[in-house]
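Reproduced below: model_21.csv, with CSV, C-alpha atoms and all ligand atoms.
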```csv
chain,number,residue,atom,x,y,z
A,1,MET,CA,69.0,53.9,108.4
A,2,ASN,CA,71.5,56.7,108.8
A,3,GLN,CA,70.7,59.0,111.8
A,4,TYR,CA,70.7,62.1,109.6
A,5,ILE,CA,68.3,60.7,107.2
A,6,GLU,CA,66.0,59.5,109.9
A,7,GLU,CA,66.0,62.9,111.6
A,8,THR,CA,65.3,64.7,108.4
A,9,GLU,CA,62.5,62.4,107.4
A,10,LYS,CA,60.8,62.8,110.8
A,11,GLY,CA,61.3,66.5,111.0
A,12,LEU,CA,60.4,67.9,107.6
A,13,VAL,CA,57.2,68.1,105.6
A,14,HIS,CA,57.5,65.5,102.8
A,15,THR,CA,58.0,67.8,99.8
A,16,TYR,CA,61.2,66.3,98.4
A,17,ASN,CA,62.3,63.0,97.0
A,18,ARG,CA,65.9,62.8,98.2
A,19,PHE,CA,68.7,60.5,97.2
A,20,PRO,CA,69.7,58.3,100.1
A,21,VAL,CA,73.0,60.0,100.8
A,22,VAL,CA,74.1,62.5,103.4
A,23,LEU,CA,76.6,64.9,101.9
A,24,ASP,CA,79.2,66.2,104.3
A,25,HIS,CA,81.9,68.3,102.5
A,26,GLY,CA,83.2,69.1,99.1
A,27,GLU,CA,86.5,69.9,97.3
A,28,GLY,CA,86.6,71.2,93.7
A,29,VAL,CA,84.1,69.2,91.7
A,30,TYR,CA,83.9,66.4,94.2
A,31,LEU,CA,81.5,65.9,97.1
A,32,TYR,CA,82.0,63.5,100.1
A,33,ASP,CA,79.3,61.8,102.2
A,34,THR,CA,79.4,61.1,105.9
A,35,GLU,CA,81.0,57.7,105.3
A,36,GLY,CA,83.8,59.4,103.3
A,37,LYS,CA,82.6,58.1,99.9
A,38,LYS,CA,83.6,60.4,97.0
A,39,TYR,CA,81.2,61.6,94.3
A,40,LEU,CA,81.9,63.4,91.0
A,41,ASP,CA,79.4,66.2,91.0
A,42,PHE,CA,77.4,66.8,87.9
A,43,ALA,CA,74.6,68.6,89.8
A,44,ALA,CA,76.3,71.5,91.4
A,45,GLY,CA,73.4,71.9,93.9
A,46,ILE,CA,71.2,72.4,90.8
A,47,ALA,CA,73.5,74.7,88.8
A,48,VAL,CA,74.3,76.8,91.9
A,49,CYS,CA,77.9,75.9,92.8
A,50,GLY,CA,79.6,77.3,89.7
A,51,LEU,CA,82.9,77.8,91.5
A,52,GLY,CA,82.8,74.3,92.9
A,53,TYR,CA,83.6,73.6,96.5
A,54,GLY,CA,86.2,75.0,98.8
A,55,ASN,CA,87.1,78.1,96.8
A,56,GLN,CA,89.4,79.7,99.4
A,57,GLU,CA,89.1,83.2,98.1
A,58,LEU,CA,85.3,83.1,98.2
A,59,ASN,CA,85.3,81.4,101.6
A,60,ASP,CA,87.7,83.9,103.1
A,61,THR,CA,85.6,86.8,101.9
A,62,LEU,CA,82.5,85.2,103.4
A,63,LYS,CA,84.2,84.5,106.8
A,64,THR,CA,85.5,88.1,106.9
A,65,GLN,CA,82.0,89.5,106.1
A,66,ILE,CA,80.4,87.3,108.9
A,67,ASP,CA,82.8,88.8,111.4
A,68,LYS,CA,82.1,92.4,110.1
A,69,LEU,CA,78.4,92.4,109.5
A,70,MET,CA,75.8,89.9,108.4
A,71,HIS,CA,72.6,92.0,108.2
A,72,THR,CA,71.4,95.5,108.3
A,73,SER,CA,67.9,95.5,106.6
A,74,ASN,CA,67.2,97.9,103.8
A,75,LEU,CA,66.6,100.8,106.1
A,76,TYR,CA,70.3,101.4,105.9
A,77,TYR,CA,73.1,101.3,103.3
A,78,ASN,CA,75.8,98.7,103.6
A,79,THR,CA,79.3,98.3,102.1
A,80,SER,CA,78.7,95.4,99.7
A,81,CYS,CA,75.2,96.0,98.2
A,82,GLY,CA,76.3,98.7,95.9
A,83,GLN,CA,79.4,96.7,94.8
A,84,ALA,CA,77.3,93.6,94.0
A,85,ALA,CA,74.8,95.8,92.0
A,86,GLU,CA,77.6,97.4,90.1
A,87,ALA,CA,79.1,94.0,89.3
A,88,LEU,CA,75.8,92.5,88.2
A,89,LYS,CA,75.1,95.6,86.0
A,90,ARG,CA,78.5,95.3,84.4
A,91,VAL,CA,78.1,91.6,83.4
A,92,SER,CA,74.4,91.8,82.6
A,93,GLY,CA,74.1,95.1,80.7
A,94,MET,CA,71.1,96.0,82.8
A,95,ASP,CA,70.8,99.3,84.6
A,96,ARG,CA,69.1,98.7,87.9
A,97,VAL,CA,69.1,95.7,90.2
A,98,PHE,CA,66.8,94.6,93.1
A,99,PHE,CA,68.2,91.8,95.4
A,100,THR,CA,66.0,89.0,96.5
A,101,ASN,CA,66.7,85.8,98.5
A,102,SER,CA,65.9,83.3,95.8
A,103,GLY,CA,65.0,82.8,92.1
A,104,THR,CA,61.4,82.5,92.8
A,105,GLU,CA,61.4,85.9,94.5
A,106,ALA,CA,63.3,87.4,91.6
A,107,ASN,CA,60.5,86.2,89.2
A,108,GLU,CA,57.8,87.3,91.6
A,109,GLY,CA,59.5,90.8,91.7
A,110,ALA,CA,59.8,90.9,88.0
A,111,LEU,CA,56.1,90.2,87.5
A,112,LYS,CA,55.2,92.9,90.0
A,113,ALA,CA,57.6,95.3,88.3
A,114,VAL,CA,55.8,94.7,85.0
A,115,ARG,CA,52.4,95.1,86.4
A,116,LYS,CA,53.5,98.4,88.1
A,117,TYR,CA,54.9,99.6,84.7
A,118,ALA,CA,51.6,98.9,83.0
A,119,TRP,CA,49.7,100.5,85.8
A,120,LYS,CA,51.8,103.7,85.9
A,121,LYS,CA,51.6,104.0,82.1
A,122,GLY,CA,47.9,103.5,82.3
A,123,SER,CA,48.0,101.0,79.5
A,124,GLY,CA,45.4,98.6,81.0
A,125,ARG,CA,47.8,95.7,80.2
A,126,TYR,CA,48.0,92.9,82.7
A,127,GLU,CA,48.3,89.6,80.8
A,128,PHE,CA,51.5,87.5,80.7
A,129,ILE,CA,52.6,85.1,78.0
A,130,ALA,CA,54.7,82.3,79.4
A,131,MET,CA,56.0,79.1,77.8
A,132,GLU,CA,55.0,75.4,78.0
A,133,ASN,CA,57.6,73.4,80.0
A,134,SER,CA,58.9,76.5,81.7
A,135,PHE,CA,59.9,76.7,85.3
A,136,HIS,CA,59.9,79.9,87.2
A,137,GLY,CA,59.4,78.9,90.9
A,138,ARG,CA,56.8,77.8,93.4
A,139,SER,CA,55.3,80.9,94.9
A,140,MET,CA,51.8,81.9,93.7
A,141,GLY,CA,53.0,84.3,91.1
A,142,ALA,CA,56.0,82.3,89.9
A,143,VAL,CA,53.9,79.1,89.7
A,144,SER,CA,51.3,81.0,87.7
A,145,VAL,CA,53.7,81.4,84.8
A,146,THR,CA,55.2,77.9,85.2
A,147,GLY,CA,54.3,75.7,82.3
A,148,THR,CA,53.8,72.4,84.1
A,149,GLU,CA,50.1,71.8,84.9
A,150,SER,CA,50.7,69.6,87.9
A,151,TYR,CA,52.6,72.4,89.6
A,152,ARG,CA,49.7,74.8,89.1
A,153,THR,CA,46.5,72.9,89.4
A,154,PRO,CA,46.2,72.3,93.1
A,155,TYR,CA,46.7,76.0,93.9
A,156,GLU,CA,44.2,77.5,91.5
A,157,PRO,CA,42.9,80.1,91.1
A,158,LEU,CA,46.3,81.6,90.4
A,159,ILE,CA,47.0,85.1,89.1
A,160,GLN,CA,44.8,86.1,86.2
A,161,GLY,CA,45.7,86.6,82.6
A,162,VAL,CA,48.5,84.0,82.1
A,163,LYS,CA,48.6,82.3,78.7
A,164,PHE,CA,51.0,79.5,77.6
A,165,ALA,CA,52.7,79.4,74.2
A,166,LYS,CA,54.8,76.7,72.7
A,167,PHE,CA,58.5,77.2,73.3
A,168,ASN,CA,60.3,77.8,70.0
A,169,ASP,CA,57.0,78.4,68.1
A,170,LEU,CA,56.8,82.1,67.4
A,171,ASP,CA,53.4,81.8,65.8
A,172,SER,CA,52.0,80.3,69.0
A,173,VAL,CA,53.2,83.3,70.9
A,174,LYS,CA,51.8,85.8,68.3
A,175,ALA,CA,48.5,84.1,68.5
A,176,LEU,CA,48.2,84.9,72.2
A,177,VAL,CA,49.2,88.6,72.0
A,178,SER,CA,46.5,91.1,72.7
A,179,ASP,CA,46.4,94.8,73.7
A,180,LYS,CA,46.3,93.5,77.2
A,181,THR,CA,49.6,91.7,77.1
A,182,CYS,CA,52.1,93.3,79.5
A,183,ALA,CA,55.0,90.9,79.3
A,184,ILE,CA,56.4,87.7,77.8
A,185,ILE,CA,58.5,85.6,80.2
A,186,LEU,CA,60.9,82.9,79.1
A,187,GLU,CA,64.1,81.0,79.8
A,188,PRO,CA,66.5,81.3,76.9
A,189,LEU,CA,67.4,77.8,77.8
A,190,GLN,CA,64.8,75.8,79.7
A,191,GLY,CA,66.5,73.8,82.4
A,192,GLU,CA,64.0,71.9,84.5
A,193,GLY,CA,61.8,71.7,81.4
A,194,GLY,CA,64.3,69.4,79.6
A,195,ILE,CA,67.4,71.4,78.5
A,196,ASN,CA,65.6,73.1,75.6
A,197,ILE,CA,67.5,75.8,74.0
A,198,ALA,CA,65.7,78.7,72.2
A,199,THR,CA,66.3,79.0,68.5
A,200,PRO,CA,67.8,82.4,67.3
A,201,GLU,CA,64.6,82.9,65.3
A,202,PHE,CA,62.5,82.5,68.4
A,203,MET,CA,64.5,84.8,70.6
A,204,LYS,CA,64.8,87.4,67.9
A,205,GLY,CA,61.2,87.1,67.0
A,206,ILE,CA,60.1,87.6,70.5
A,207,ARG,CA,62.3,90.7,70.9
A,208,LYS,CA,60.8,92.1,67.7
A,209,LEU,CA,57.3,91.3,68.7
A,210,CYS,CA,57.7,92.9,72.1
A,211,ASP,CA,59.2,96.1,70.5
A,212,LYS,CA,56.3,96.3,68.0
A,213,GLU,CA,53.5,95.7,70.5
A,214,GLY,CA,54.8,97.6,73.5
A,215,ILE,CA,55.3,94.4,75.5
A,216,LEU,CA,58.1,93.9,78.0
A,217,MET,CA,60.5,90.9,77.6
A,218,ILE,CA,61.5,89.1,80.7
A,219,CYS,CA,64.4,86.6,80.5
A,220,ASP,CA,64.6,84.1,83.4
A,221,GLU,CA,68.4,83.5,83.6
A,222,ILE,CA,68.2,81.9,87.0
A,223,GLN,CA,69.5,78.5,85.8
A,224,CYS,CA,71.0,79.2,82.4
A,225,GLY,CA,72.7,82.5,83.4
A,226,MET,CA,76.1,83.1,85.2
A,227,GLY,CA,78.3,81.6,82.6
A,228,ARG,CA,76.6,78.2,82.2
A,229,THR,CA,76.0,78.4,78.5
A,230,GLY,CA,79.5,79.8,77.7
A,231,LYS,CA,78.2,83.4,77.8
A,232,MET,CA,77.7,85.2,81.0
A,233,PHE,CA,73.9,85.3,80.3
A,234,ALA,CA,72.2,83.1,77.7
A,235,TRP,CA,70.4,85.9,75.9
A,236,GLN,CA,73.8,87.2,75.0
A,237,HIS,CA,74.1,84.4,72.4
A,238,TYR,CA,71.3,86.1,70.5
A,239,GLY,CA,71.9,89.8,71.1
A,240,THR,CA,68.3,90.0,72.3
A,241,LYS,CA,68.6,92.1,75.5
A,242,PRO,CA,65.6,91.7,77.6
A,243,ASP,CA,63.8,94.6,79.4
A,244,ILE,CA,63.9,92.6,82.7
A,245,MET,CA,66.1,89.8,83.7
A,246,THR,CA,66.0,87.5,86.7
A,247,MET,CA,69.0,85.8,88.3
A,248,ALA,CA,69.7,83.5,91.2
A,249,LYS,CA,71.3,80.1,91.6
A,250,ALA,CA,75.0,80.6,90.7
A,251,ILE,CA,75.2,84.4,91.4
A,252,GLY,CA,75.9,83.7,95.1
A,253,SER,CA,77.8,80.4,94.8
A,254,GLY,CA,75.6,78.8,97.4
A,255,VAL,CA,74.7,81.8,99.5
A,256,PRO,CA,70.9,82.2,99.0
A,257,VAL,CA,70.5,85.2,96.8
A,258,GLY,CA,68.7,86.2,93.7
A,259,ALA,CA,68.1,89.4,91.8
A,260,PHE,CA,65.9,91.0,89.1
A,261,ALA,CA,67.3,93.7,87.0
A,262,MET,CA,65.8,96.1,84.5
A,263,THR,CA,66.7,98.7,82.0
A,264,GLU,CA,66.4,102.4,82.9
A,265,ALA,CA,63.5,102.7,80.5
A,266,VAL,CA,61.5,100.2,82.6
A,267,ALA,CA,62.8,101.5,86.0
A,268,GLU,CA,61.6,105.0,85.2
A,269,TYR,CA,58.0,103.8,85.1
A,270,SER,CA,58.2,100.9,87.6
A,271,LEU,CA,58.7,100.2,91.3
A,272,GLU,CA,59.0,103.2,93.6
A,273,PRO,CA,59.8,103.4,97.4
A,274,GLY,CA,57.2,101.4,99.3
A,275,ASP,CA,56.2,99.3,96.3
A,276,HIS,CA,58.2,96.2,96.9
A,277,GLY,CA,60.7,95.0,99.6
A,278,THR,CA,62.3,92.2,101.5
A,279,THR,CA,64.0,92.2,104.9
A,280,TYR,CA,67.0,90.1,103.9
A,281,GLY,CA,67.4,91.1,100.3
A,282,GLY,CA,70.7,92.8,99.5
A,283,ASN,CA,72.2,92.1,102.9
A,284,PRO,CA,75.9,92.5,103.3
A,285,PHE,CA,76.6,88.8,103.5
A,286,ALA,CA,74.7,87.8,100.4
A,287,CYS,CA,76.0,90.8,98.5
A,288,ALA,CA,79.6,90.0,99.5
A,289,ALA,CA,79.1,86.6,97.9
A,290,VAL,CA,77.7,88.1,94.7
A,291,ALA,CA,80.5,90.7,94.3
A,292,LYS,CA,83.2,88.2,95.0
A,293,THR,CA,81.7,85.5,92.8
A,294,ILE,CA,81.7,87.9,89.8
A,295,GLU,CA,85.2,89.1,90.6
A,296,ILE,CA,86.4,85.5,90.6
A,297,PHE,CA,84.5,84.7,87.4
A,298,GLU,CA,86.2,87.7,85.7
A,299,LYS,CA,89.7,86.9,87.1
A,300,LYS,CA,89.6,83.3,86.0
A,301,ASN,CA,87.8,84.1,82.7
A,302,LEU,CA,85.4,81.4,83.7
A,303,VAL,CA,83.0,82.1,80.9
A,304,ALA,CA,85.7,81.3,78.2
A,305,HIS,CA,86.6,78.2,80.2
A,306,VAL,CA,82.9,77.0,80.1
A,307,HIS,CA,82.8,77.6,76.4
A,308,GLU,CA,85.9,75.4,75.9
A,309,VAL,CA,85.1,72.5,78.2
A,310,GLY,CA,81.4,72.7,77.1
A,311,GLU,CA,82.5,72.0,73.5
A,312,TYR,CA,84.5,69.1,74.9
A,313,LEU,CA,81.5,67.7,76.8
A,314,SER,CA,79.4,68.2,73.7
A,315,GLN,CA,81.9,66.1,71.6
A,316,LYS,CA,82.0,63.4,74.2
A,317,LEU,CA,78.2,63.3,74.3
A,318,ASP,CA,78.1,63.0,70.5
A,319,GLU,CA,80.3,59.9,70.8
A,320,LEU,CA,78.2,58.5,73.6
A,321,LEU,CA,75.1,59.0,71.4
A,322,LYS,CA,76.7,56.9,68.7
A,323,GLU,CA,78.1,54.2,70.9
A,324,CYS,CA,75.3,53.8,73.4
A,325,ASP,CA,71.8,52.6,72.4
A,326,ALA,CA,70.3,53.9,75.6
A,327,VAL,CA,71.1,57.5,74.6
A,328,VAL,CA,68.5,58.9,72.3
A,329,GLN,CA,69.4,62.6,72.0
A,330,LYS,CA,71.9,65.2,73.2
A,331,LYS,CA,70.7,68.6,74.2
A,332,GLY,CA,72.0,72.0,75.5
A,333,ILE,CA,75.2,73.9,75.3
A,334,GLY,CA,78.2,74.8,77.5
A,335,LEU,CA,77.9,73.3,80.9
A,336,ILE,CA,74.1,72.9,80.8
A,337,GLN,CA,73.6,69.9,78.6
A,338,GLY,CA,71.4,66.8,78.8
A,339,ILE,CA,71.0,63.4,77.4
A,340,GLU,CA,67.6,61.9,76.7
A,341,ILE,CA,67.8,58.2,77.5
A,342,THR,CA,65.6,55.2,77.1
A,343,ARG,CA,65.9,53.9,80.7
A,344,PRO,CA,64.0,55.7,83.5
A,345,VAL,CA,66.2,58.7,84.6
A,346,GLY,CA,65.4,58.0,88.3
A,347,GLU,CA,66.8,54.5,88.0
A,348,VAL,CA,69.9,55.7,86.2
A,349,SER,CA,70.6,58.5,88.6
A,350,ALA,CA,70.2,56.1,91.6
A,351,GLU,CA,72.7,53.8,90.0
A,352,ALA,CA,75.0,56.7,89.3
A,353,LEU,CA,75.0,57.5,93.0
A,354,LYS,CA,76.2,54.1,93.8
A,355,GLU,CA,79.0,54.5,91.2
A,356,GLY,CA,80.1,57.8,92.8
A,357,LEU,CA,78.4,60.2,90.3
A,358,LEU,CA,75.8,62.8,91.1
A,359,VAL,CA,73.4,63.5,88.2
A,360,ILE,CA,69.9,65.0,88.2
A,361,SER,CA,67.0,64.8,85.9
A,362,ALA,CA,64.9,67.1,83.7
A,363,LYS,CA,61.6,66.8,82.0
A,364,GLY,CA,61.3,64.3,79.1
A,365,ASN,CA,63.5,61.6,80.7
A,366,VAL,CA,66.6,63.7,80.4
A,367,LEU,CA,69.7,63.4,82.5
A,368,ARG,CA,70.7,67.0,83.3
A,369,LEU,CA,74.4,67.7,83.3
A,370,VAL,CA,75.2,70.8,85.2
A,371,PRO,CA,78.6,70.4,86.8
A,372,PRO,CA,80.5,73.1,88.6
A,373,LEU,CA,81.9,75.5,86.0
A,374,VAL,CA,85.4,75.0,87.1
A,375,ILE,CA,85.4,71.4,85.8
A,376,GLU,CA,88.3,70.2,83.7
A,377,LYS,CA,88.5,67.9,80.7
A,378,LYS,CA,89.9,65.0,82.7
A,379,GLN,CA,86.9,65.1,85.0
A,380,ILE,CA,84.6,65.2,82.0
A,381,ASP,CA,86.4,62.0,80.8
A,382,GLU,CA,85.8,60.5,84.3
A,383,PHE,CA,82.1,61.3,83.9
A,384,VAL,CA,81.9,59.8,80.4
A,385,GLU,CA,83.5,56.6,81.6
A,386,LYS,CA,81.1,56.3,84.5
A,387,ILE,CA,78.0,57.0,82.6
A,388,LYS,CA,79.0,54.7,79.8
A,389,HIS,CA,79.5,51.9,82.3
A,390,ILE,CA,76.1,52.7,83.9
A,391,LEU,CA,74.2,52.9,80.6
A,392,SER,CA,75.7,49.8,78.9
B,401,LIG,C1,65.6,77.2,90.1
B,401,LIG,C2,64.8,78.1,89.2
B,401,LIG,C3,63.9,79.0,89.7
B,401,LIG,C4,63.5,79.1,91.1
B,401,LIG,O1,64.6,79.5,91.9
B,401,LIG,P1,64.6,79.2,93.5
B,401,LIG,O2,65.9,79.8,93.9
B,401,LIG,O3,64.5,77.8,93.6
B,401,LIG,O4,63.4,79.9,94.0
B,401,LIG,C5,63.2,79.8,88.7
B,401,LIG,N1,63.5,79.8,87.4
B,401,LIG,C6,64.4,78.9,86.9
B,401,LIG,C7,64.7,78.9,85.5
B,401,LIG,C8,65.1,78.0,87.8
B,401,LIG,O5,65.9,77.1,87.3
```

Entire entry expressed as structure tokens:
Amino acid sequence: MNQYIEETEKGLVHTYNRFPVVLDHGEGVYLYDTEGKKYLDFAAGIAVCGLGYGNQELNDTLKTQIDKLMHTSNLYYNTSCGQAAEALKRVSGMDRVFFTNSGTEANEGALKAVRKYAWKKGSGRYEFIAMENSFHGRSMGAVSVTGTESYRTPYEPLIQGVKFAKFNDLDSVKALVSDKTCAIILEPLQGEGGINIATPEFMKGIRKLCDKEGILMICDEIQCGMGRTGKMFAWQHYGTKPDIMTMAKAIGSGVPVGAFAMTEAVAEYSLEPGDHGTTYGGNPFACAAVAKTIEIFEKKNLVAHVHEVGEYLSQKLDELLKECDAVVQKKGIGLIQGIEITRPVGEVSAEALKEGLLVISAKGNVLRLVPPLVIEKKQIDEFVEKIKHILS
């Protein structure tokens, strides 16, 4: 066994099933293992590495920031936190941002912000409506609104007042609404849950329902946000601006950072000094990554690129669906697509690894296709060739 694998297996709590590969470095949309083998990356570190690997402009910014200042705590201002917040506000349409260290913490913060809002308004509301097959993270709060029972059951009792509706079934949401409902949380496109995209009727229906009943709408854009769907954030396809939005994964291009953002109307009645905090959150290093990532996105017009190559991928998957018996269904949009297949996804992704292709799975025996957003058509062709070979 490889020394790195052996060390890792001995050293860590066994919480992950890892592929038997040790990744060493990357370039563009390719990764290389310690033996020098090359892999076409359709995982992007789980939809994190939007800019791919070895983006010199980003790397130079990070190196400079390391030499200047890594951390200050939130007792002081720093030079990049405000810039990162401005950039996120600009692309998200939200008014106020709180920086966290992960997606889980972003959701955790959003849940607290909502409870505080209800408390300050004296509404007596505390219930959350979440979706079946959702994924919002693994902390106690985030897991409480995650719609996979096996993720929740061992840790019960979880936070009170969470109900699960069926994704894309507005009536099932309406049936759960009460005068105690404080928020509805959903991913406009469920990633881990199987690449399930919300219908316009569902998103618009939820927005309307929230407005009518005085409920806050939280969109978890952690995976489907930051350009992945061909819009900067997935809710922008529907025009259904949420009251609170959570982000992470691609916003820092691999530097661990997340954020939740809210409208001024929520902020006015929500978290105040002393209510919520984090030592690392908003540190100059992480924020330099966010500000630079967004700057590069805008300069390269990456969102338009995703739209274009996403359409191309979609066409190619349609062809694959016709040609290949093992492919049952094509799902998703932009560069967050999936194919439901007949063979076990674990087996196929293991075989793909041997063939120099990294793919991951999602619920429902789906191969999840989330390459770096900088991918070009010829690399999509390379993917199609490889996957065709594996599946036939
Ligand atoms: C990954 C993910 C999270 C959790 O983010 P972490 O950074 O792993 O804590 C939450 N919600 C969605 C939709 C995700 O894809």

Give one line per residue of range 129-194 of chain A that approaches range 93-115 of chain A to at most 7 Å, naming the two atoms of the closest pair and their distance in Å to one decimal, counting all atoms listed in the file; sort by chain then ascending residue number and deliver it as CSV.
```
residue,atom,partner,partner_atom,distance
A:His136,CA,A:Thr104,CA,6.4
A:Gly137,CA,A:Thr104,CA,4.5
A:Arg138,CA,A:Thr104,CA,6.6
A:Ser139,CA,A:Thr104,CA,6.6
A:Gly141,CA,A:Glu108,CA,5.7
A:Ala142,CA,A:Glu108,CA,5.6
A:Cys182,CA,A:Val114,CA,6.8
A:Ala183,CA,A:Val114,CA,6.9
```

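Between CA of Phe42 in chain A and CA of Ile339 in chain A there is a distance of 12.8 Å.
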
Q) What residues have an atom no more than 12 Å from (70.5, 92.1, 72.4) in the file's own frame, counting only C-alpha atoms, and can you write them as number ranges by chain? A) A: 92-94, 200, 203-208, 217, 219, 233-243

Q: Compare A:Thr279, A:Glu27, A:Val290, A:Glu319 by their minimum atom-to-atom distance to Gln56 in chain A, counting all atoms listed in the file, and give me the closest one.
A: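 Nearest to Gln56 in chain A: A:Glu27.
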
Q: Rank nothing, just name the residue among A:Pro284, A:Gly214, A:Gly28, A:Gly194 nearest to Gln83 in chain A, using only C-alpha atoms.
A: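 Closest candidate: A:Pro284.
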
Q. For the atom pair CA of Val327 in chain A and CA of Leu189 in chain A, what is the interatomic distance in Å to one decimal place?
A.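 Between CA of Val327 in chain A and CA of Leu189 in chain A the gap is 20.9 Å.
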
Q.
I'd like the interatomic distance between CA of Thr146 in chain A and CA of Phe260 in chain A, to a tenth of an Å.
A. 17.4 Å

Q: Find, counting all atoms listed in the file, the residue in A:Ala165, A:Leu373, A:Ala362, A:Leu75 that gets nearest to Gly334 in chain A.
A: A:Leu373

**Q.** For Gly122 in chain A: contacts at 12 Å, only C-alpha atoms, fewer than 4 positions along chain excluded, given as a PyMOL selection string
**A.** chain A and resi 115-118+126+180+182+269-270

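Shell of Ile380 in chain A at 12 Å, with all atoms listed in the file counted and residues fewer than 6 places along the chain excluded, is A:Val29, A:Leu40, A:Asp41, A:Phe42, A:Glu308, A:Val309, A:Gly310, A:Glu311, A:Tyr312, A:Leu313, A:Ser314, A:Gln315, A:Lys316, A:Leu317, A:Leu335, A:Leu357, A:Leu369, A:Val370, A:Pro371, A:Pro372, A:Leu373, A:Val374, A:Lys386, A:Ile387.
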
Export of prior selection with C-alpha atoms as a PDB file, in the coordinates of the input:
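Final output, again-v9.pdb:
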```
ATOM      1  CA  VAL A  29      84.100  69.200  91.700  1.00  0.00           C
ATOM      2  CA  LEU A  40      81.900  63.400  91.000  1.00  0.00           C
ATOM      3  CA  ASP A  41      79.400  66.200  91.000  1.00  0.00           C
ATOM      4  CA  PHE A  42      77.400  66.800  87.900  1.00  0.00           C
ATOM      5  CA  GLU A 308      85.900  75.400  75.900  1.00  0.00           C
ATOM      6  CA  VAL A 309      85.100  72.500  78.200  1.00  0.00           C
ATOM      7  CA  GLY A 310      81.400  72.700  77.100  1.00  0.00           C
ATOM      8  CA  GLU A 311      82.500  72.000  73.500  1.00  0.00           C
ATOM      9  CA  TYR A 312      84.500  69.100  74.900  1.00  0.00           C
ATOM     10  CA  LEU A 313      81.500  67.700  76.800  1.00  0.00           C
ATOM     11  CA  SER A 314      79.400  68.200  73.700  1.00  0.00           C
ATOM     12  CA  GLN A 315      81.900  66.100  71.600  1.00  0.00           C
ATOM     13  CA  LYS A 316      82.000  63.400  74.200  1.00  0.00           C
ATOM     14  CA  LEU A 317      78.200  63.300  74.300  1.00  0.00           C
ATOM     15  CA  LEU A 335      77.900  73.300  80.900  1.00  0.00           C
ATOM     16  CA  LEU A 357      78.400  60.200  90.300  1.00  0.00           C
ATOM     17  CA  LEU A 369      74.400  67.700  83.300  1.00  0.00           C
ATOM     18  CA  VAL A 370      75.200  70.800  85.200  1.00  0.00           C
ATOM     19  CA  PRO A 371      78.600  70.400  86.800  1.00  0.00           C
ATOM     20  CA  PRO A 372      80.500  73.100  88.600  1.00  0.00           C
ATOM     21  CA  LEU A 373      81.900  75.500  86.000  1.00  0.00           C
ATOM     22  CA  VAL A 374      85.400  75.000  87.100  1.00  0.00           C
ATOM     23  CA  LYS A 386      81.100  56.300  84.500  1.00  0.00           C
ATOM     24  CA  ILE A 387      78.000  57.000  82.600  1.00  0.00           C
TER      25      ILE A 387
END
```

**Q.** Of the listed residues A:Lys89, A:Lys388, A:Lys378, A:His71, that which approaches Lys322 in chain A most closely, counting only C-alpha atoms
**A.**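 The closest residue to Lys322 in chain A is A:Lys388.
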
Q. Which of these, A:Leu170, A:Val13, A:Ile66, A:Ile195, has the shortest distance to ligand LIG 401 (chain B) once you count all atoms listed in the file?
A. A:Ile195

Q | Of the listed residues A:Ala175, A:Leu216, A:Met140, A:Ile333, that which approaches ligand LIG 401 (chain B) most closely, counting only C-alpha atoms and all ligand atoms | A | A:Met140

Q. Which neighbours of Ser178 in chain A fall inside 10 Å, counting all atoms listed in the file, when residues of the same chain fewer than 3 positions from it are skipped, and could you give them as an MDAnalysis selection string?
A. chainID A and resid 125 127 174:175 181:182 213 215

So which residues touch Leu51 in chain A within 10 Å, counting all atoms listed in the file, skipping near sequence neighbours fewer than 2 positions away, as an mmCIF file with C-alpha atoms, in the coordinates of the input?
```cif
data_model
loop_
_atom_site.group_PDB
_atom_site.id
_atom_site.type_symbol
_atom_site.label_atom_id
_atom_site.label_comp_id
_atom_site.auth_asym_id
_atom_site.auth_seq_id
_atom_site.Cartn_x
_atom_site.Cartn_y
_atom_site.Cartn_z
ATOM 1 C CA GLY A 28 86.600 71.200 93.700
ATOM 2 C CA VAL A 29 84.100 69.200 91.700
ATOM 3 C CA ALA A 44 76.300 71.500 91.400
ATOM 4 C CA VAL A 48 74.300 76.800 91.900
ATOM 5 C CA CYS A 49 77.900 75.900 92.800
ATOM 6 C CA TYR A 53 83.600 73.600 96.500
ATOM 7 C CA GLY A 54 86.200 75.000 98.800
ATOM 8 C CA ASN A 55 87.100 78.100 96.800
ATOM 9 C CA LEU A 58 85.300 83.100 98.200
ATOM 10 C CA ALA A 250 75.000 80.600 90.700
ATOM 11 C CA GLY A 252 75.900 83.700 95.100
ATOM 12 C CA SER A 253 77.800 80.400 94.800
ATOM 13 C CA GLY A 254 75.600 78.800 97.400
ATOM 14 C CA THR A 293 81.700 85.500 92.800
ATOM 15 C CA ILE A 296 86.400 85.500 90.600
ATOM 16 C CA PHE A 297 84.500 84.700 87.400
ATOM 17 C CA LEU A 302 85.400 81.400 83.700
ATOM 18 C CA PRO A 371 78.600 70.400 86.800
ATOM 19 C CA PRO A 372 80.500 73.100 88.600
ATOM 20 C CA LEU A 373 81.900 75.500 86.000
ATOM 21 C CA VAL A 374 85.400 75.000 87.100
ATOM 22 C CA ILE A 375 85.400 71.400 85.800
#
```

Q: Compile the contact shell of range 31-35 of chain A as a ChimeraX atom specification: residues with an atom at most 10 Å away, counting only C-alpha atoms, same-chain residues fewer than 6 positions apart removed.
A: /A:2,4,21-25,41,44,52-53,356-358

Q. Taking (69.1, 82.6, 89.0) in the file's coordinates as the center, which residues reach within 7 Å of it, counting all atoms listed in the file, put as a PyMOL selection string?
A. chain A and resi 103+221-223+225+246-251+258
